[in-house]
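Text of protein.txt (compact mmCIF, C-alpha atoms) as supplied:
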# COMPACT_ATOMS: atom_id res chain seq x y z
CA MET A 2 85.87 112.00 97.45
CA THR A 3 84.15 108.70 98.08
CA VAL A 4 84.85 105.12 99.16
CA ARG A 5 82.81 102.33 97.60
CA PRO A 6 83.00 98.60 96.85
CA VAL A 7 85.24 97.71 93.93
CA ARG A 8 83.54 97.10 90.54
CA PRO A 9 84.79 95.10 87.56
CA ASP A 10 85.65 98.28 85.66
CA ASP A 11 87.97 99.31 88.53
CA VAL A 12 90.26 96.29 88.07
CA PRO A 13 92.86 97.96 85.78
CA ALA A 14 93.19 100.88 88.20
CA VAL A 15 93.43 98.58 91.23
CA VAL A 16 96.15 96.47 89.60
CA GLY A 17 98.01 99.72 88.92
CA LEU A 18 97.66 100.73 92.58
CA VAL A 19 98.96 97.33 93.72
CA ARG A 20 102.01 97.88 91.52
CA GLU A 21 102.50 101.38 92.98
CA LEU A 22 102.31 99.93 96.50
CA ALA A 23 104.86 97.25 95.63
CA ASP A 24 107.17 99.90 94.21
CA TYR A 25 106.82 101.94 97.41
CA GLU A 26 107.65 98.80 99.41
CA GLU A 27 110.72 98.22 97.21
CA ALA A 28 109.24 94.94 95.95
CA ALA A 29 107.93 95.77 92.48
CA HIS A 30 109.83 92.79 91.06
CA GLU A 31 107.65 90.45 93.14
CA VAL A 32 104.29 91.48 91.67
CA ARG A 33 102.80 88.93 89.29
CA LEU A 34 99.16 90.03 89.60
CA THR A 35 97.24 90.34 86.32
CA GLU A 36 93.90 91.95 85.63
CA GLU A 37 92.50 88.51 84.82
CA GLN A 38 93.64 87.09 88.16
CA LEU A 39 92.20 90.00 90.12
CA THR A 40 88.91 89.85 88.22
CA ALA A 41 88.58 86.13 88.96
CA ALA A 42 89.47 86.59 92.64
CA LEU A 43 87.01 89.45 93.15
CA PHE A 44 84.16 88.52 90.84
CA GLY A 45 84.44 84.77 90.14
CA ARG A 46 81.89 82.14 91.11
CA SER A 47 83.09 81.98 94.74
CA PRO A 48 84.97 85.20 95.50
CA ALA A 49 87.58 84.87 98.23
CA LEU A 50 88.90 88.42 97.87
CA PHE A 51 86.95 91.60 98.44
CA GLY A 52 87.78 95.22 97.93
CA HIS A 53 86.94 98.87 98.14
CA VAL A 54 88.24 101.82 96.20
CA ALA A 55 88.65 105.48 97.01
CA GLU A 56 87.74 107.97 94.31
CA ALA A 57 88.73 111.59 93.91
CA GLY A 58 87.62 113.62 90.94
CA GLY A 59 86.11 110.52 89.33
CA ALA A 60 89.42 108.63 89.38
CA VAL A 61 90.33 105.61 91.52
CA VAL A 62 93.18 106.84 93.73
CA GLY A 63 93.17 104.29 96.54
CA THR A 64 92.22 100.74 97.37
CA ALA A 65 91.72 98.27 100.19
CA LEU A 66 91.85 94.57 99.29
CA TRP A 67 90.85 92.08 101.95
CA PHE A 68 89.73 88.56 102.74
CA LEU A 69 88.03 86.70 105.56
CA THR A 70 89.85 84.96 108.37
CA PHE A 71 88.57 82.90 111.28
CA SER A 72 89.69 83.04 114.89
CA THR A 73 89.38 79.73 116.67
CA TRP A 74 89.96 81.57 119.94
CA ARG A 75 87.17 84.06 119.37
CA GLY A 76 84.94 81.76 117.35
CA THR A 77 84.23 84.41 114.73
CA HIS A 78 85.40 85.57 111.37
CA GLY A 79 87.60 88.59 110.92
CA ILE A 80 89.07 90.59 108.07
CA HIS A 81 92.67 90.45 106.93
CA LEU A 82 93.59 93.62 105.06
CA GLU A 83 96.00 92.53 102.34
CA ASP A 84 96.62 95.93 100.76
CA LEU A 85 95.75 99.48 101.75
CA TYR A 86 97.10 102.11 99.42
CA VAL A 87 96.31 105.71 98.57
CA GLN A 88 98.33 107.55 95.94
CA PRO A 89 100.74 110.07 97.47
CA ALA A 90 98.96 113.10 96.00
CA HIS A 91 95.78 112.09 97.88
CA ARG A 92 97.27 111.21 101.25
CA GLY A 93 96.20 113.38 104.14
CA THR A 94 92.74 113.87 102.63
CA GLY A 95 91.04 111.26 104.81
CA LEU A 96 90.68 108.63 102.07
CA GLY A 97 92.99 106.11 103.74
CA ARG A 98 91.22 106.57 107.05
CA GLU A 99 87.85 106.14 105.33
CA LEU A 100 88.98 102.94 103.61
CA LEU A 101 90.14 101.52 106.95
CA ARG A 102 87.00 102.78 108.75
CA THR A 103 84.83 101.10 106.10
CA LEU A 104 86.46 97.76 106.89
CA ALA A 105 86.06 98.34 110.63
CA ALA A 106 82.37 99.09 110.05
CA THR A 107 82.05 95.88 108.00
CA CYS A 108 83.51 93.93 110.93
CA VAL A 109 81.10 95.51 113.40
CA GLU A 110 78.05 95.05 111.13
CA ARG A 111 78.83 91.37 110.51
CA GLY A 112 79.87 90.50 114.06
CA TYR A 113 83.54 89.96 113.19
CA ASP A 114 85.95 90.44 116.09
CA ARG A 115 89.15 91.36 114.25
CA LEU A 116 90.59 93.57 111.56
CA GLU A 117 94.24 92.67 111.02
CA TRP A 118 97.05 93.51 108.62
CA SER A 119 100.81 93.57 108.31
CA VAL A 120 103.02 96.59 107.88
CA LEU A 121 106.71 96.77 107.10
CA ASP A 122 108.82 97.66 110.14
CA TRP A 123 110.40 100.64 108.35
CA ASN A 124 107.09 102.14 107.19
CA GLU A 125 106.85 104.72 109.96
CA PRO A 126 104.18 106.91 108.27
CA SER A 127 101.83 103.92 108.01
CA ILE A 128 102.60 102.75 111.53
CA ALA A 129 101.75 106.22 112.87
CA PHE A 130 98.55 106.23 110.78
CA TYR A 131 97.47 102.85 112.18
CA ARG A 132 98.32 103.80 115.76
CA ALA A 133 96.25 106.98 115.36
CA ALA A 134 93.31 104.75 114.42
CA GLY A 135 93.74 102.83 117.68
CA ALA A 136 95.47 99.76 116.23
CA VAL A 137 98.13 98.00 118.26
CA PRO A 138 101.10 95.96 116.98
CA MET A 139 101.16 92.23 117.62
CA ASP A 140 104.55 92.18 119.33
CA GLY A 141 105.87 88.69 119.84
CA TRP A 142 104.34 87.31 116.62
CA THR A 143 106.36 86.66 113.47
CA VAL A 144 104.88 86.13 110.00
CA PHE A 145 106.05 83.00 108.20
CA ARG A 146 105.59 82.26 104.51
CA LEU A 147 106.15 79.40 102.09
CA THR A 148 106.34 80.37 98.39
CA ASP A 149 107.66 79.14 95.07
CA HIS A 150 110.14 76.24 95.35
CA ALA A 151 109.93 76.03 99.14
CA LEU A 152 106.13 75.66 98.93
CA ALA A 153 106.26 73.05 96.18
CA GLY A 154 109.06 71.12 97.89
CA PHE A 155 107.30 71.00 101.22
CA ALA A 156 104.01 70.00 99.59
CA ALA A 157 105.75 67.13 97.85
CA GLY A 158 106.64 65.62 101.22
CA PRO A 159 109.79 63.77 102.28
CA GLY A 160 112.05 63.09 99.31
CA GLY A 161 109.74 65.15 97.08
CA ARG A 162 111.07 67.47 94.46
CA ALA A 163 110.06 71.07 93.92
CA GLY A 164 108.42 71.62 90.55
Output the file's structure as structure tokens, nothing else.
Amino acid sequence: MTVRPVRPDDVPAVVGLVRELADYEEAAHEVRLTEEQLTAALFGRSPALFGHVAEAGGAVVGTALWFLTFSTWRGTHGIHLEDLYVQPAHRGTGLGRELLRTLAATCVERGYDRLEWSVLDWNEPSIAFYRAAGAVPMDGWTVFRLTDHALAGFAAGPGGRAG
């Protein structure tokens, strides 16, 4: 079992893992990600997304996809973990912990002060996993999001129409 940076030939497997994660989170209908989009995001001219994969028996069975953030309060970059997923058959083997530890090590090596992510309130196994790693919830903070018509309408400004 190993954890390593994602390679272009991993993209189909990673897209599959993202779809598995969305299914687990009861949101499979929301996934629009294509292999072409993920390839461009990870390996395009100016990548803004980064990733690692976990392998077992030569197969990709887990992934961590992440991007950089910046804290104006700390004055340093950080990492936002967008997706962390290990297939159920490989949970409890240390692969999830190693994916998360790899990102923590990246933060320390690069002088980043934060590693952050979101977790669904009902996902007790993941919450316990994160707490065991020493992570603490950001009580008092609420995530907001603009998407689809709300995003387009707001971008259009007063009297604007969503596209």
Pairwise distance, atom CA of A:Glu26 with atom CA of A:Val137, equals 21.1 Å
Could you state the separation of atom CA of A:Leu85 and atom CA of A:Ala65 in Å, given to one decimal place?
->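 Going from atom CA of A:Leu85 over to atom CA of A:Ala65, I get 4.5 Å.
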Just how far from atom CA of A:Arg92 is atom CA of A:Val4, in Å to one decimal?
->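 Computing it gives 14.0 Å between the two atoms.
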Box for stretch 16-24 of chain A: with edges along x, y and z, all listed atoms inside and 5 Å added on each side, what are the centre and edge lengths in Å to one decimal, as lines of an AutoDock Vina configuration file?
center_x = 101.7
center_y = 98.9
center_z = 92.7
size_x = 21.0
size_y = 14.9
size_z = 17.6
Given all atoms listed in the file as the counted atoms, nearest of A:Glu117, A:Glu27, A:Thr35, A:Pro9 to A:Trp67 =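 Comparing A:Glu117, A:Glu27, A:Thr35, A:Pro9 against A:Trp67, the winner is A:Glu117.
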Counting all atoms listed in the file, the option among A:Phe155, A:Tyr113, A:Phe51, A:Tyr131 closest to A:Gly76 = A:Tyr113
Leaving out A:Tyr86 and any residue of its chain fewer than 4 positions from it, which residues lie within 12 Å of it when counting only C-alpha atoms, given as a count of residues only?
-> 35
Residues within 12 Å of A:Arg75, only C-alpha atoms, excluding chain neighbours under 2 positions, as a PyMOL selection string | chain A and resi 70-73+77-79+112-115
Determine, counting all atoms listed in the file, which protein, DNA and RNA residues have an atom within 9 Å of an atom of A:Arg8; residues of the same chain fewer than 2 positions away are not included. Present the result as a VMD selection string.
-> chain A and resid 5 to 6 10 to 12 43 to 44 52 to 54
A:Leu152, A:Pro13, A:Glu56, A:His81: which is nearest A:Glu37, counting only C-alpha atoms?
-> A:Pro13
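Among the candidate residues A:Ala60, A:Leu121, A:Val87, A:Met2, the one lying nearest to A:Pro138 is A:Leu121, with distances computed using only C-alpha atoms.
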